[in-house]
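> Sharing query_13.cif below, mmCIF, C-alpha atoms and all ligand atoms:
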```cif
data_run
#
loop_
_atom_site.label_atom_id
_atom_site.label_comp_id
_atom_site.auth_asym_id
_atom_site.auth_seq_id
_atom_site.Cartn_x
_atom_site.Cartn_y
_atom_site.Cartn_z
CA MET N 1 -73.43 224.16 179.41
CA ALA N 2 -73.36 223.68 175.69
CA GLU N 3 -69.89 222.54 174.98
CA LYS N 4 -69.00 221.39 171.52
CA ALA N 5 -66.63 218.79 170.29
CA CYS N 6 -64.38 219.02 167.26
CA LYS N 7 -65.58 216.59 164.59
CA ASN N 8 -62.09 215.99 163.41
CA CYS N 9 -60.11 215.27 166.57
CA HIS N 10 -62.82 215.15 169.28
CA TRP N 11 -61.27 217.94 171.30
CA ILE N 12 -63.87 219.69 173.47
CA VAL N 13 -63.85 223.22 172.19
CA ASP N 14 -64.74 226.46 173.85
CA GLY N 15 -63.52 228.79 171.12
CA LYS N 16 -64.23 229.18 167.45
CA VAL N 17 -61.32 227.22 166.11
CA CYS N 18 -60.01 223.95 167.41
CA PRO N 19 -56.60 224.59 168.97
CA VAL N 20 -55.41 221.10 168.13
CA CYS N 21 -56.21 220.69 164.45
CA ASN N 22 -57.40 224.18 163.43
CA GLU N 23 -60.72 222.86 162.21
CA SER N 24 -63.89 224.81 162.85
CA SER N 25 -66.39 222.05 162.30
CA PHE N 26 -67.91 221.25 165.69
CA SER N 27 -70.78 219.12 166.91
CA ASN N 28 -73.20 219.51 169.78
CA ASP N 29 -73.99 215.84 169.53
CA TRP N 30 -71.24 214.08 171.39
CA ARG N 31 -70.97 211.61 174.22
CA GLY N 32 -68.46 210.52 176.74
CA TYR N 33 -65.70 212.46 178.23
CA ALA N 34 -62.03 211.66 178.38
CA ILE N 35 -59.40 213.72 180.08
CA ILE N 36 -56.05 212.80 178.66
CA ILE N 37 -53.18 213.90 180.81
CA ASP N 38 -50.37 211.74 179.55
CA PRO N 39 -51.00 210.82 175.91
CA GLU N 40 -47.93 208.65 175.61
CA ARG N 41 -49.18 206.33 178.32
CA SER N 42 -52.90 206.52 177.68
CA GLN N 43 -54.64 203.73 175.80
CA ILE N 44 -57.52 206.05 175.03
CA ALA N 45 -55.14 208.56 173.50
CA GLU N 46 -53.55 205.82 171.46
CA ARG N 47 -56.90 204.59 170.20
CA MET N 48 -58.06 208.10 169.37
CA LYS N 49 -54.70 209.00 167.87
CA VAL N 50 -54.27 212.14 169.89
CA ASP N 51 -51.02 213.45 171.26
CA THR N 52 -52.14 216.64 172.97
CA PRO N 53 -53.18 216.50 176.62
CA GLY N 54 -56.67 217.81 177.20
CA ARG N 55 -60.37 217.05 177.21
CA TYR N 56 -61.87 214.93 174.48
CA ALA N 57 -65.27 213.57 173.60
CA LEU N 58 -65.31 209.83 173.12
CA ARG N 59 -67.94 209.88 170.41
CA VAL N 60 -68.83 212.72 168.08
CA ARG N 61 -71.58 212.61 165.50
ZN ZN N 101 -59.85 219.38 166.33
#
```
Hey, can you dump this file as structure tokens for me?

Amino acid sequence: MAEKACKNCHWIVDGKVCPVCNESSFSNDWRGYAIIIDPERSQIAERMKVDTPGRYALRVR
């Protein structure tokens, strides 16, 4: 699997445009995996400043 992560918001993308921020700049070079189900109660979501539930890469280069 060659999933890509959005460079802007770290969303793991399977389309051509990021559904969260509408960016199309993706990276194959990412690490870590966070599934955020409840952004309001997630410390990871708070640290990454995301408010959409979904799958995120922890680090994107
Ligand atoms: Zn994005």
> Throw together the list of residues within 8 Å of ligand ZN 101 (chain N), counting all atoms listed in the file, and drop it here as a count of residues only.
15
> Report as an mmCIF file with C-alpha atoms, keeping the file's coordinate frame all protein, DNA and RNA residues lying within 10 Å of Leu58 in chain N, evaluated on all atoms listed in the file, omitting residues in the same chain fewer than 3 positions from it.

```
data_model
loop_
_atom_site.group_PDB
_atom_site.id
_atom_site.type_symbol
_atom_site.label_atom_id
_atom_site.label_comp_id
_atom_site.auth_asym_id
_atom_site.auth_seq_id
_atom_site.Cartn_x
_atom_site.Cartn_y
_atom_site.Cartn_z
ATOM 1 C CA ALA N 5 -66.630 218.790 170.290
ATOM 2 C CA CYS N 9 -60.110 215.270 166.570
ATOM 3 C CA HIS N 10 -62.820 215.150 169.280
ATOM 4 C CA TRP N 11 -61.270 217.940 171.300
ATOM 5 C CA ILE N 12 -63.870 219.690 173.470
ATOM 6 C CA TRP N 30 -71.240 214.080 171.390
ATOM 7 C CA ARG N 31 -70.970 211.610 174.220
ATOM 8 C CA GLY N 32 -68.460 210.520 176.740
ATOM 9 C CA TYR N 33 -65.700 212.460 178.230
ATOM 10 C CA ALA N 34 -62.030 211.660 178.380
ATOM 11 C CA ILE N 35 -59.400 213.720 180.080
ATOM 12 C CA ILE N 44 -57.520 206.050 175.030
ATOM 13 C CA MET N 48 -58.060 208.100 169.370
ATOM 14 C CA ARG N 55 -60.370 217.050 177.210
#
```
> Of the residues N:Asp38, N:Asp51, N:Phe26, N:Gln43, which is the one nearest to Lys4 in chain N, using all atoms listed in the file?
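Of all the options, N:Phe26 lies closest to Lys4 in chain N.
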> State, in Å with one decimal place, the distance from CA of Arg59 in chain N to CA of Ser42 in chain N.
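A separation of 17.0 Å between them.
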